[in-house]
file query15.cif (mmCIF, C-alpha atoms)
data_target
loop_
_atom_site.label_atom_id
_atom_site.label_comp_id
_atom_site.auth_asym_id
_atom_site.auth_seq_id
_atom_site.Cartn_x
_atom_site.Cartn_y
_atom_site.Cartn_z
CA MET A 1 85.34 73.63 128.13
CA LYS A 2 84.67 77.23 127.12
CA ILE A 3 86.54 79.35 124.60
CA ASN A 4 89.25 81.27 126.46
CA ARG A 5 91.35 82.77 123.68
CA VAL A 6 90.28 84.24 120.36
CA PHE A 7 92.86 85.05 117.70
CA LEU A 8 91.39 87.51 115.19
CA ILE A 9 93.71 87.91 112.19
CA VAL A 10 93.02 90.66 109.65
CA LEU A 11 94.58 90.06 106.24
CA ASP A 12 94.77 93.76 105.42
CA SER A 13 93.02 94.41 102.07
CA ALA A 14 92.20 90.77 101.20
CA GLY A 15 88.77 91.45 99.67
CA ILE A 16 86.80 88.73 97.88
CA GLY A 17 84.79 90.68 95.31
CA GLY A 18 83.15 94.02 94.68
CA ALA A 19 80.45 95.14 97.10
CA ALA A 20 77.02 95.94 95.67
CA ASP A 21 77.81 99.66 95.95
CA ALA A 22 81.40 99.44 94.65
CA LYS A 23 80.71 101.79 91.74
CA ASN A 24 79.66 104.50 94.20
CA PHE A 25 83.23 104.32 95.49
CA GLY A 26 84.78 104.54 92.03
CA ASP A 27 85.46 100.81 91.67
CA ASP A 28 84.58 98.69 88.65
CA ASN A 29 84.07 95.06 89.70
CA PRO A 30 87.20 94.64 91.84
CA ASN A 31 88.17 91.25 93.26
CA THR A 32 91.44 91.05 95.14
CA LEU A 33 91.29 87.31 95.84
CA LYS A 34 90.36 86.39 92.26
CA THR A 35 93.23 88.49 90.92
CA ILE A 36 95.90 86.92 93.10
CA ALA A 37 94.50 83.38 92.85
CA ALA A 38 95.29 83.47 89.12
CA SER A 39 98.99 84.02 89.83
CA LYS A 40 101.48 81.18 89.54
CA ASN A 41 102.73 82.20 93.00
CA PHE A 42 99.41 81.46 94.72
CA TYR A 43 99.20 78.25 96.77
CA THR A 44 96.97 78.17 99.86
CA PRO A 45 96.02 74.62 100.85
CA ASN A 46 95.26 75.55 104.46
CA LEU A 47 92.87 78.37 103.52
CA LEU A 48 91.27 75.97 101.03
CA ARG A 49 90.87 73.32 103.74
CA LEU A 50 89.33 75.86 106.13
CA GLY A 51 86.68 76.78 103.56
CA LEU A 52 87.82 80.08 102.04
CA PHE A 53 86.73 79.05 98.55
CA ASN A 54 83.37 77.75 99.76
CA ILE A 55 82.27 81.28 100.64
CA GLU A 56 79.26 82.66 98.74
CA GLY A 57 80.24 84.50 95.58
CA ILE A 58 83.60 82.75 95.14
CA ASN A 59 83.32 80.65 91.99
CA PHE A 60 86.81 80.85 90.52
CA TYR A 61 88.68 78.22 92.51
CA GLY A 62 88.12 74.63 93.63
CA ARG A 63 85.83 74.16 96.62
CA GLU A 64 86.69 71.98 99.59
CA LYS A 65 84.33 69.00 99.88
CA ASN A 66 84.61 68.77 103.68
CA PRO A 67 85.90 72.09 105.03
CA VAL A 68 87.21 71.98 108.60
CA GLY A 69 86.29 75.60 109.27
CA SER A 70 83.07 77.58 109.08
CA PHE A 71 82.84 80.63 106.86
CA ALA A 72 80.93 83.67 105.58
CA ARG A 73 81.01 86.53 103.13
CA VAL A 74 80.81 89.81 105.02
CA VAL A 75 79.50 93.14 103.71
CA GLU A 76 80.80 96.48 104.97
CA ALA A 77 77.93 98.59 106.30
CA SER A 78 80.07 101.71 106.88
CA ALA A 79 80.59 104.42 104.28
CA GLY A 80 84.22 103.76 103.49
CA LYS A 81 86.91 101.46 102.18
CA ASP A 82 89.85 102.26 104.40
CA THR A 83 91.75 100.64 107.25
CA THR A 84 90.37 102.81 110.03
CA ILE A 85 86.68 102.49 109.22
CA GLY A 86 87.10 98.79 108.39
CA HIS A 87 88.72 97.97 111.72
CA TRP A 88 86.28 100.14 113.64
CA GLU A 89 83.43 98.18 112.08
CA ILE A 90 85.08 94.85 112.93
CA ALA A 91 85.21 96.19 116.50
CA GLY A 92 81.50 97.10 116.45
CA ILE A 93 81.22 100.69 115.14
CA ILE A 94 79.30 101.37 111.92
CA SER A 95 80.34 104.72 110.42
CA GLU A 96 77.48 106.39 108.57
CA ARG A 97 79.66 109.12 107.06
CA PRO A 98 82.95 108.66 105.25
CA LEU A 99 86.04 110.23 106.74
CA PRO A 100 87.22 113.30 104.79
CA THR A 101 89.53 112.90 101.80
CA TYR A 102 91.50 115.53 99.90
CA PRO A 103 91.88 114.72 96.19
CA GLU A 104 93.03 118.32 95.54
CA GLY A 105 95.27 118.53 98.60
CA PHE A 106 94.57 120.19 101.93
CA PRO A 107 93.02 123.70 101.90
CA PRO A 108 95.26 126.75 102.53
CA GLU A 109 93.87 127.38 106.01
CA VAL A 110 94.85 123.84 107.08
CA ILE A 111 98.33 124.13 105.58
CA GLY A 112 98.80 127.52 107.25
CA GLU A 113 97.83 126.14 110.64
CA LEU A 114 100.15 123.15 110.21
CA GLU A 115 103.11 125.32 109.18
CA LYS A 116 102.55 127.59 112.17
CA SER A 117 102.46 124.61 114.51
CA PHE A 118 105.51 122.91 112.98
CA GLY A 119 107.62 126.05 112.58
CA ARG A 120 108.53 124.68 109.15
CA LYS A 121 107.25 125.12 105.60
CA ILE A 122 105.37 122.37 103.79
CA LEU A 123 106.18 120.77 100.43
CA CYS A 124 103.91 118.89 98.01
CA ASN A 125 100.37 118.92 99.51
CA LYS A 126 98.93 116.54 96.89
CA PRO A 127 97.75 112.94 96.67
CA TYR A 128 100.93 110.99 95.95
CA SER A 129 102.56 107.58 95.97
CA GLY A 130 104.68 107.30 99.11
CA THR A 131 107.75 106.04 97.27
CA GLN A 132 107.44 108.56 94.42
CA VAL A 133 106.89 111.55 96.70
CA ILE A 134 110.28 111.17 98.39
CA ARG A 135 111.98 110.86 95.00
CA ASP A 136 110.30 114.02 93.76
CA TYR A 137 110.53 116.13 96.93
CA GLY A 138 113.28 114.53 99.01
CA GLN A 139 116.10 116.70 97.70
CA ALA A 140 114.15 119.93 98.29
CA HIS A 141 113.30 118.69 101.79
CA GLU A 142 116.99 118.10 102.54
CA MET A 143 117.95 121.52 101.24
CA THR A 144 115.25 123.52 103.04
CA GLY A 145 114.10 121.44 106.01
CA ALA A 146 110.50 121.80 104.83
CA LEU A 147 108.29 118.81 105.59
CA ILE A 148 106.77 116.69 102.83
CA VAL A 149 103.02 116.58 103.48
CA TYR A 150 100.85 114.50 101.17
CA THR A 151 97.68 112.43 101.10
CA SER A 152 96.15 109.61 99.07
CA ALA A 153 92.70 108.43 98.11
CA ASP A 154 92.34 107.40 101.77
CA SER A 155 91.49 109.68 104.66
CA VAL A 156 95.11 110.34 105.63
CA LEU A 157 97.62 113.11 106.12
CA GLN A 158 101.15 111.79 105.73
CA ILE A 159 104.35 113.55 106.76
CA ALA A 160 107.62 112.35 105.23
CA ALA A 161 111.01 113.46 106.47
CA HIS A 162 114.60 112.25 106.15
CA GLU A 163 115.87 110.87 109.43
CA LYS A 164 119.07 112.94 109.28
CA ILE A 165 117.03 116.14 108.80
CA VAL A 166 114.20 115.37 111.22
CA PRO A 167 114.90 112.73 113.89
CA VAL A 168 112.13 110.17 114.15
CA GLU A 169 110.92 111.31 117.57
CA GLU A 170 110.65 114.88 116.28
CA LEU A 171 108.66 113.63 113.29
CA TYR A 172 106.32 111.83 115.70
CA LYS A 173 105.93 115.11 117.61
CA PHE A 174 104.90 116.89 114.40
CA CYS A 175 102.35 114.14 113.75
CA ARG A 176 100.88 114.55 117.24
CA GLN A 177 100.57 118.28 116.59
CA ALA A 178 98.86 117.56 113.26
CA ARG A 179 96.50 115.12 114.99
CA LYS A 180 95.34 117.92 117.31
CA ILE A 181 94.68 120.16 114.30
CA MET A 182 93.00 117.55 112.08
CA ARG A 183 89.76 117.12 114.00
CA GLY A 184 86.12 117.96 113.38
CA VAL A 185 85.44 118.66 109.71
CA HIS A 186 89.09 117.87 108.90
CA GLY A 187 89.22 114.78 111.09
CA VAL A 188 91.15 112.44 108.80
CA GLY A 189 91.34 108.84 109.86
CA ARG A 190 95.10 108.75 110.25
CA ILE A 191 98.12 111.00 110.51
CA ILE A 192 101.06 108.89 109.32
CA ALA A 193 104.75 109.49 110.04
CA ARG A 194 106.83 108.39 107.03
CA PRO A 195 110.55 108.55 107.86
CA PHE A 196 113.06 107.77 105.12
CA ILE A 197 116.80 107.44 104.65
CA GLY A 198 119.36 107.36 101.85
CA GLU A 199 120.82 109.73 99.30
CA TYR A 200 119.06 111.31 96.32
CA PRO A 201 117.69 109.71 94.19
CA ASN A 202 117.94 106.41 96.06
CA TYR A 203 115.79 107.17 99.08
CA GLU A 204 113.98 104.39 100.93
CA ARG A 205 111.32 104.39 103.61
CA THR A 206 112.19 102.89 106.98
CA PRO A 207 110.08 100.55 109.16
CA ARG A 208 109.69 103.35 111.73
CA ARG A 209 106.38 104.43 110.24
CA HIS A 210 103.83 105.31 112.91
CA ASP A 211 100.08 105.97 112.63
CA PHE A 212 98.25 108.50 114.78
CA SER A 213 94.59 107.60 114.39
CA LEU A 214 91.41 109.43 115.12
CA GLU A 215 89.94 108.08 118.34
CA PRO A 216 86.93 105.80 117.75
CA PRO A 217 83.69 107.79 118.18
CA ALA A 218 82.04 105.16 120.38
CA GLU A 219 82.87 102.18 122.56
CA THR A 220 84.46 99.23 120.75
CA ILE A 221 84.54 95.56 121.70
CA LEU A 222 88.11 96.23 122.86
CA ASP A 223 86.83 98.73 125.42
CA ALA A 224 84.13 96.29 126.56
CA LEU A 225 86.59 93.42 127.00
CA GLN A 226 89.08 95.60 128.83
CA LYS A 227 86.41 96.76 131.30
CA LYS A 228 86.00 93.11 132.30
CA ASN A 229 89.77 92.72 132.75
CA LEU A 230 90.07 90.44 129.74
CA ALA A 231 93.20 90.56 127.62
CA THR A 232 93.12 92.78 124.53
CA ILE A 233 96.43 92.20 122.78
CA GLY A 234 97.21 94.03 119.55
CA VAL A 235 99.78 92.75 117.04
CA GLY A 236 100.90 95.09 114.28
CA LYS A 237 99.19 98.46 113.90
CA ILE A 238 96.07 97.58 115.92
CA GLN A 239 97.10 99.93 118.74
CA ASP A 240 97.60 102.76 116.23
CA ILE A 241 94.25 102.15 114.51
CA PHE A 242 92.37 102.43 117.81
CA ALA A 243 94.39 105.42 119.05
CA GLU A 244 95.83 103.25 121.84
CA ARG A 245 92.37 102.82 123.35
CA GLY A 246 91.14 99.47 124.64
CA ILE A 247 94.51 97.76 124.16
CA SER A 248 96.05 96.09 127.20
CA ARG A 249 99.26 95.14 125.40
CA SER A 250 100.77 95.86 121.99
CA LEU A 251 103.40 94.06 119.94
CA GLY A 252 104.52 96.06 116.92
CA ILE A 253 105.63 94.50 113.65
CA ASN A 254 109.07 95.70 112.61
CA GLU A 255 109.77 93.78 109.44
CA SER A 256 107.00 91.86 107.73
CA ASN A 257 103.85 89.78 107.97
CA SER A 258 106.08 86.90 109.05
CA ASP A 259 107.33 88.98 111.97
CA GLY A 260 103.70 89.53 112.96
CA MET A 261 102.96 85.82 112.77
CA ASN A 262 106.07 85.00 114.79
CA LYS A 263 104.90 87.36 117.52
CA THR A 264 101.49 85.69 117.40
CA PHE A 265 103.13 82.27 117.77
CA GLN A 266 104.90 83.56 120.88
CA LEU A 267 101.58 84.70 122.33
CA MET A 268 100.13 81.24 121.73
CA ASP A 269 102.61 79.93 124.32
CA GLU A 270 101.19 82.29 126.96
CA ASP A 271 98.15 81.78 129.16
CA PHE A 272 95.56 84.55 128.83
CA ARG A 273 91.81 84.91 128.51
CA GLY A 274 90.62 87.35 125.90
CA LEU A 275 91.38 88.59 122.41
CA CYS A 276 94.55 88.70 120.33
CA PHE A 277 93.83 91.09 117.43
CA VAL A 278 96.37 90.86 114.58
CA ASN A 279 96.82 93.09 111.53
CA LEU A 280 99.05 91.87 108.69
CA VAL A 281 99.64 95.00 106.62
CA ASP A 282 102.08 93.76 103.95
CA PHE A 283 99.24 92.59 101.70
CA ASP A 284 97.98 96.16 101.46
CA MET A 285 101.07 98.31 101.89
CA LYS A 286 103.67 96.35 99.91
CA PHE A 287 101.57 94.68 97.24
CA GLY A 288 98.00 95.97 96.90
CA HIS A 289 98.80 99.68 96.63
CA ARG A 290 101.84 98.94 94.48
CA ARG A 291 99.67 96.81 92.17
CA ASP A 292 102.00 93.83 92.49
CA VAL A 293 99.85 90.80 91.69
CA ASP A 294 102.56 88.14 91.99
CA GLY A 295 103.99 89.71 95.14
CA TYR A 296 100.55 89.71 96.77
CA ALA A 297 100.00 86.09 95.74
CA GLN A 298 103.39 85.07 97.13
CA ALA A 299 102.66 86.85 100.42
CA MET A 300 99.40 84.91 100.71
CA THR A 301 101.26 81.66 100.03
CA VAL A 302 103.74 82.46 102.81
CA PHE A 303 100.89 83.31 105.19
CA ASP A 304 99.16 80.04 104.36
CA ALA A 305 102.26 78.06 105.32
CA GLU A 306 102.45 79.99 108.60
CA LEU A 307 98.73 79.37 109.10
CA GLY A 308 99.46 75.64 109.01
CA LYS A 309 101.88 76.11 111.90
CA PHE A 310 99.27 78.22 113.73
CA LEU A 311 96.60 75.52 113.38
CA ASP A 312 99.00 72.92 114.80
CA LYS A 313 99.67 75.10 117.87
CA MET A 314 96.03 75.85 118.70
CA ARG A 315 94.69 74.68 122.07
CA ALA A 316 91.31 73.08 122.60
CA ASP A 317 89.99 76.33 124.12
CA ASP A 318 91.20 78.54 121.24
CA LEU A 319 89.15 80.07 118.44
CA LEU A 320 90.60 81.47 115.21
CA MET A 321 88.89 84.11 113.06
CA ILE A 322 90.43 85.28 109.78
CA THR A 323 88.97 88.28 107.95
CA ALA A 324 89.89 91.49 106.09
CA ASP A 325 89.11 95.20 106.41
CA HIS A 326 88.60 96.21 102.73
CA GLY A 327 90.00 95.31 99.33
CA CYS A 328 93.02 96.52 97.37
CA ASP A 329 92.83 94.70 94.06
CA PRO A 330 96.34 94.77 92.56
CA ALA A 331 94.83 94.59 89.06
CA ALA A 332 92.62 97.66 89.55
CA LYS A 333 93.40 101.06 88.07
CA GLY A 334 95.25 103.56 90.21
CA THR A 335 96.65 102.78 93.66
CA ASP A 336 93.58 103.11 95.88
CA HIS A 337 91.78 100.60 98.08
CA THR A 338 88.79 98.85 96.50
CA ARG A 339 85.28 98.58 97.95
CA GLU A 340 84.86 94.83 98.45
CA ASN A 341 83.17 92.24 100.57
CA VAL A 342 85.55 90.37 102.86
CA PRO A 343 85.99 86.76 103.93
CA LEU A 344 85.39 85.38 107.40
CA ILE A 345 86.77 82.01 108.43
CA ILE A 346 86.15 80.58 111.91
CA TYR A 347 87.93 77.53 113.28
CA GLY A 348 88.30 75.78 116.64
CA GLU A 349 87.54 72.56 118.46
CA LYS A 350 84.58 74.13 120.27
CA ILE A 351 82.63 75.04 117.13
CA ARG A 352 81.06 73.13 114.29
CA ALA A 353 82.94 72.62 111.05
CA GLY A 354 81.58 73.33 107.62
CA VAL A 355 78.89 75.84 108.61
CA ASN A 356 78.13 78.25 105.78
CA LEU A 357 76.93 81.44 107.46
CA GLY A 358 76.03 82.91 104.08
CA THR A 359 76.39 86.67 103.69
CA LEU A 360 76.59 88.75 106.86
CA LYS A 361 75.36 92.34 106.64
CA THR A 362 78.13 93.99 108.62
CA PHE A 363 81.67 93.43 109.87
CA ALA A 364 80.23 94.33 113.31
CA ASP A 365 78.80 90.81 113.57
CA ILE A 366 82.34 89.80 114.56
CA ALA A 367 82.30 92.17 117.55
CA ALA A 368 78.84 90.97 118.59
CA THR A 369 80.05 87.38 118.50
CA LEU A 370 83.12 88.22 120.58
CA ALA A 371 80.86 89.86 123.15
CA GLU A 372 78.79 86.69 123.42
CA ILE A 373 81.85 84.43 123.61
CA PHE A 374 83.23 86.39 126.55
CA SER A 375 79.86 87.28 128.13
CA VAL A 376 80.42 91.03 128.11
CA GLU A 377 77.82 93.76 127.65
CA PHE A 378 78.33 95.62 124.39
CA GLU A 379 75.98 97.65 122.22
CA THR A 380 76.39 97.26 118.46
CA ARG A 381 74.19 96.90 115.41
CA GLY A 382 76.04 93.69 114.64
CA LYS A 383 74.43 90.34 115.40
CA SER A 384 76.24 87.38 116.96
CA PHE A 385 76.52 84.22 114.89
CA LEU A 386 77.83 82.09 117.78
CA LYS A 387 74.66 80.02 118.23
CA GLU A 388 74.92 78.84 114.62
CA LEU A 389 78.38 77.46 115.35
CA ILE A 390 77.83 75.77 118.72
#

call {"tool": "encode", "arguments": {"input": "query15.cif", "output": "C-alpha cells"}}
result
Amino acid sequence: MKINRVFLIVLDSAGIGGAADAKNFGDDNPNTLKTIAASKNFYTPNLLRLGLFNIEGINFYGREKNPVGSFARVVEASAGKDTTIGHWEIAGIISERPLPTYPEGFPPEVIGELEKSFGRKILCNKPYSGTQVIRDYGQAHEMTGALIVYTSADSVLQIAAHEKIVPVEELYKFCRQARKIMRGVHGVGRIIARPFIGEYPNYERTPRRHDFSLEPPAETILDALQKKNLATIGVGKIQDIFAERGISRSLGINESNSDGMNKTFQLMDEDFRGLCFVNLVDFDMKFGHRRDVDGYAQAMTVFDAELGKFLDKMRADDLLMITADHGCDPAAKGTDHTRENVPLIIYGEKIRAGVNLGTLKTFADIAATLAEIFSVEFETRGKSFLKELI
C-alpha cells in the first residue's frame, strides 16, 4: 500500500541548536530545545520514543535505544531566520537574500506613502514588543485615530488598532493596502494586522490577527501538488504564509496549539490524498518571543500528549513529519528569533524505523521527498531522502 496522506507539523521556532553561521545573524550559541528541556515543566515521552533526542548534535537528554521513528538534523540554506523564509524553504524555495528589516523604523518616504493610502497618521514606527507597543501608544491611538505601525527584528510591518476605533475588516483593508506598497526593495515578508481591545492601560490583543505575506517568488511543493489535484490543506497560518497560493483548503487556529491539533484530528477522520500542512505558532508567539522558558516547556509537554493521540489515530497509509522553521531560544537576549538547525522526525508504517539521516543541508529536502512520495514533478535544490526510508 502506498502513502496517501502526509501530515507535516511545524513546531514554530523549535530549533535544536545554533547553526554554523549563527553569529552572522547576531546569535551566540542558541539552543531552544536544550533551554526548554531543562525546565521542570518539560516531559515529552512520545518525542523521545520517536527519536528526537537521537538527532545529531543533541547530547543533553537521554537517547532512545530503539526509536520508532526516523530522524535528522536539518540546516537552513536560506539567508534568514524567520517564519516566511523558513516555511518557503520547507516548501522547496531557497532564498539567497534576506528579506528587508528595519531596525531604525521605516524610512520617511514609506511612512508618507502609507499615511496617504490609509488617510490616517501613523504612530510609533519603531521595532517594538507587540504587547508593550499598545500600552505605550494605545491611548494616543484612541484619542487621534492614528494607526500604530511598528516592526521587529523580523521582516514585518505590523499595524495595531483598537477594534472600537478601527473595525477588524477595516484594519485588514489597511494591511492589504500596505501589502501593495511594501514590494520590491521594501518587500517585507509579512504585513500583520494586530487588533486589540480593552481600556488603557489594560489592553489585550485579540485572536483576530491576520498575516498578509509576500507571495513566494517561485513554485512551491504546494503548487505542484495542487496542479495534480492532490489535497493541500493548511492548518493555522499556513495559508497566510503562502499568500493563499497552493492551498486547497484552510482551517485557521482561533485559540491555541491545542485548537490546531484538534482540527488536525478532525482531518484524520476524512479521506483525502495529499498533504496536511500544520503550523503551531504558540511556541514562537506566546513563549519564545516572550522569553518564557517554563511556558514553552509546558506547551511542548501538552503537544507531546496530543502527539500520542495523533499516533494512535494514524492509518497504515499515513506518514507523519515533524519539523520547525527556525529557533526562538527563550533564554537568549532580546526577543528575536534565533538562527538554529531544526529537527525532522518521520514516522509511519510504510517506512523504516530508527533511520538516522544525519544532517540534511536544506529544509527543501522535505519538499523534494514530498514530490517523490506523490510522484509529482517539482524543481528544487532539495534532495529526497525517501529511498533511505523505504

call {"tool": "resolve_selection", "arguments": {"input": "query15.cif", "expression": "the PyMOL selection byres ((chain A and resi 322) around 9)", "output": "list in words"}}
result
Phe7, Leu8, Ile9, Val10, Leu11, Leu320, Met321, Thr323, Ala324, Pro343, Leu344, Ile345, Ile346 and Tyr347 of chain A

call {"tool": "closest_residue", "arguments": {"input": "query15.cif", "among": "A:Ala332, A:Ala161, A:Ala371, A:Cys124", "to": "A:Arg291", "atoms": "only C-alpha atoms"}}
result
A:Ala332

call {"tool": "closest_residue", "arguments": {"input": "query15.cif", "among": "A:Gly334, A:Ala178, A:Phe283, A:Val156", "to": "A:Lys116", "atoms": "all atoms listed in the file"}}
result
A:Ala178

call {"tool": "closest_residue", "arguments": {"input": "query15.cif", "among": "A:Leu52, A:Ala297, A:Ile247, A:Ala91", "to": "A:Val355", "atoms": "all atoms listed in the file"}}
result
A:Leu52

call {"tool": "resolve_selection", "arguments": {"input": "query15.cif", "expression": "the PyMOL selection byres ((chain A and resi 129) around 9)", "output": "list in words"}}
result
Pro127, Tyr128, Gly130, Thr131, Gln132, Val133, Ile134, Tyr150, Thr151, Ser152, His289, Arg290 and Thr335 of chain A

call {"tool": "write_last_selection", "arguments": {"input": "query15.cif", "atoms": "C-alpha atoms", "output": "PDB file, in the frame of the given file"}}
result
ATOM      1  CA  PRO A 127      97.750 112.940  96.670  1.00  0.00           C
ATOM      2  CA  TYR A 128     100.930 110.990  95.950  1.00  0.00           C
ATOM      3  CA  GLY A 130     104.680 107.300  99.110  1.00  0.00           C
ATOM      4  CA  THR A 131     107.750 106.040  97.270  1.00  0.00           C
ATOM      5  CA  GLN A 132     107.440 108.560  94.420  1.00  0.00           C
ATOM      6  CA  VAL A 133     106.890 111.550  96.700  1.00  0.00           C
ATOM      7  CA  ILE A 134     110.280 111.170  98.390  1.00  0.00           C
ATOM      8  CA  TYR A 150     100.850 114.500 101.170  1.00  0.00           C
ATOM      9  CA  THR A 151      97.680 112.430 101.100  1.00  0.00           C
ATOM     10  CA  SER A 152      96.150 109.610  99.070  1.00  0.00           C
ATOM     11  CA  HIS A 289      98.800  99.680  96.630  1.00  0.00           C
ATOM     12  CA  ARG A 290     101.840  98.940  94.480  1.00  0.00           C
ATOM     13  CA  THR A 335      96.650 102.780  93.660  1.00  0.00           C
TER      14      THR A 335
END

call {"tool": "closest_residue", "arguments": {"input": "query15.cif", "among": "A:Asn29, A:Thr144, A:Thr84, A:Thr206", "to": "A:Glu255", "atoms": "all atoms listed in the file"}}
result
A:Thr206

call {"tool": "atom_distance", "arguments": {"input": "query15.cif", "atom1": "atom CA of A:Glu109", "atom2": "atom CA of A:Leu157"}}
result
14.8 Å

call {"tool": "atom_distance", "arguments": {"input": "query15.cif", "atom1": "atom CA of A:Pro107", "atom2": "atom CA of A:His337"}}
result
23.4 Å

call {"tool": "resolve_selection", "arguments": {"input": "query15.cif", "expression": "the PyMOL selection byres ((chain A and resi 13-23) around 6)", "output": "PDB file with C-alpha atoms, in the coordinates of the input"}}
result
ATOM      1  CA  LEU A  11      94.580  90.060 106.240  1.00  0.00           C
ATOM      2  CA  ASP A  12      94.770  93.760 105.420  1.00  0.00           C
ATOM      3  CA  ASN A  24      79.660 104.500  94.200  1.00  0.00           C
ATOM      4  CA  PHE A  25      83.230 104.320  95.490  1.00  0.00           C
ATOM      5  CA  GLY A  26      84.780 104.540  92.030  1.00  0.00           C
ATOM      6  CA  ASP A  27      85.460 100.810  91.670  1.00  0.00           C
ATOM      7  CA  ASP A  28      84.580  98.690  88.650  1.00  0.00           C
ATOM      8  CA  ASN A  29      84.070  95.060  89.700  1.00  0.00           C
ATOM      9  CA  PRO A  30      87.200  94.640  91.840  1.00  0.00           C
ATOM     10  CA  ASN A  31      88.170  91.250  93.260  1.00  0.00           C
ATOM     11  CA  THR A  32      91.440  91.050  95.140  1.00  0.00           C
ATOM     12  CA  LEU A  33      91.290  87.310  95.840  1.00  0.00           C
ATOM     13  CA  ASP A 284      97.980  96.160 101.460  1.00  0.00           C
ATOM     14  CA  ALA A 324      89.890  91.490 106.090  1.00  0.00           C
ATOM     15  CA  ASP A 325      89.110  95.200 106.410  1.00  0.00           C
ATOM     16  CA  HIS A 326      88.600  96.210 102.730  1.00  0.00           C
ATOM     17  CA  GLY A 327      90.000  95.310  99.330  1.00  0.00           C
ATOM     18  CA  CYS A 328      93.020  96.520  97.370  1.00  0.00           C
ATOM     19  CA  ARG A 339      85.280  98.580  97.950  1.00  0.00           C
ATOM     20  CA  GLU A 340      84.860  94.830  98.450  1.00  0.00           C
ATOM     21  CA  ASN A 341      83.170  92.240 100.570  1.00  0.00           C
ATOM     22  CA  VAL A 342      85.550  90.370 102.860  1.00  0.00           C
TER      23      VAL A 342
END

call {"tool": "closest_residue", "arguments": {"input": "query15.cif", "among": "A:Cys175, A:Leu47, A:Ile93, A:Val302", "to": "A:Leu114", "atoms": "all atoms listed in the file"}}
result
A:Cys175

call {"tool": "atom_distance", "arguments": {"input": "query15.cif", "atom1": "atom CA of A:Asn54", "atom2": "atom CA of A:Asn4"}}
result
27.6 Å

call {"tool": "closest_residue", "arguments": {"input": "query15.cif", "among": "A:Ala218, A:Val74, A:Val68, A:Ile122", "to": "A:Gly358", "atoms": "all atoms listed in the file"}}
result
A:Val74

call {"tool": "residues_around", "arguments": {"input": "query15.cif", "residues": "A:Phe378", "least_positions_apart": "6", "cutoff": "10 Å", "atoms": "only C-alpha atoms", "output": "ChimeraX atom specification"}}
result
/A:92,219-225,367-368,370-372

call {"tool": "residues_around", "arguments": {"input": "query15.cif", "residues": "stretch 261-275 of chain A", "least_positions_apart": "4", "cutoff": "6 Å", "atoms": "all atoms listed in the file", "output": "PyMOL selection string"}}
result
chain A and resi 4-6+230-232

call {"tool": "residues_around", "arguments": {"input": "query15.cif", "residues": "stretch 179-191 of chain A", "least_positions_apart": "3", "cutoff": "8 Å", "atoms": "only C-alpha atoms", "output": "count of residues only"}}
result
19

call {"tool": "residues_near_point", "arguments": {"input": "query15.cif", "point": "(107.0, 108.2, 107.4)", "cutoff": "9 Å", "atoms": "all atoms listed in the file", "output": "VMD selection string"}}
result
chain A and resid 130 158 to 162 168 171 192 to 196 205 to 211

call {"tool": "axis_aligned_box", "arguments": {"input": "query15.cif", "around": "stretch 295-310 of chain A", "padding_each_side": "6 Å", "output": "lines of an AutoDock Vina configuration file"}}
result
center_x = 101.4
center_y = 82.7
center_z = 104.4
size_x = 17.3
size_y = 26.1
size_z = 30.6

call {"tool": "residues_around", "arguments": {"input": "query15.cif", "residues": "A:Glu115", "least_positions_apart": "5", "cutoff": "12 Å", "atoms": "all atoms listed in the file", "output": "list in words"}}
result
Pro108, Glu109, Val110, Arg120, Lys121, Ile122, Leu123, Asn125, Ala146, Leu147, Ile148, Val149, Phe174, Gln177, Ala178 and Ile181 of chain A
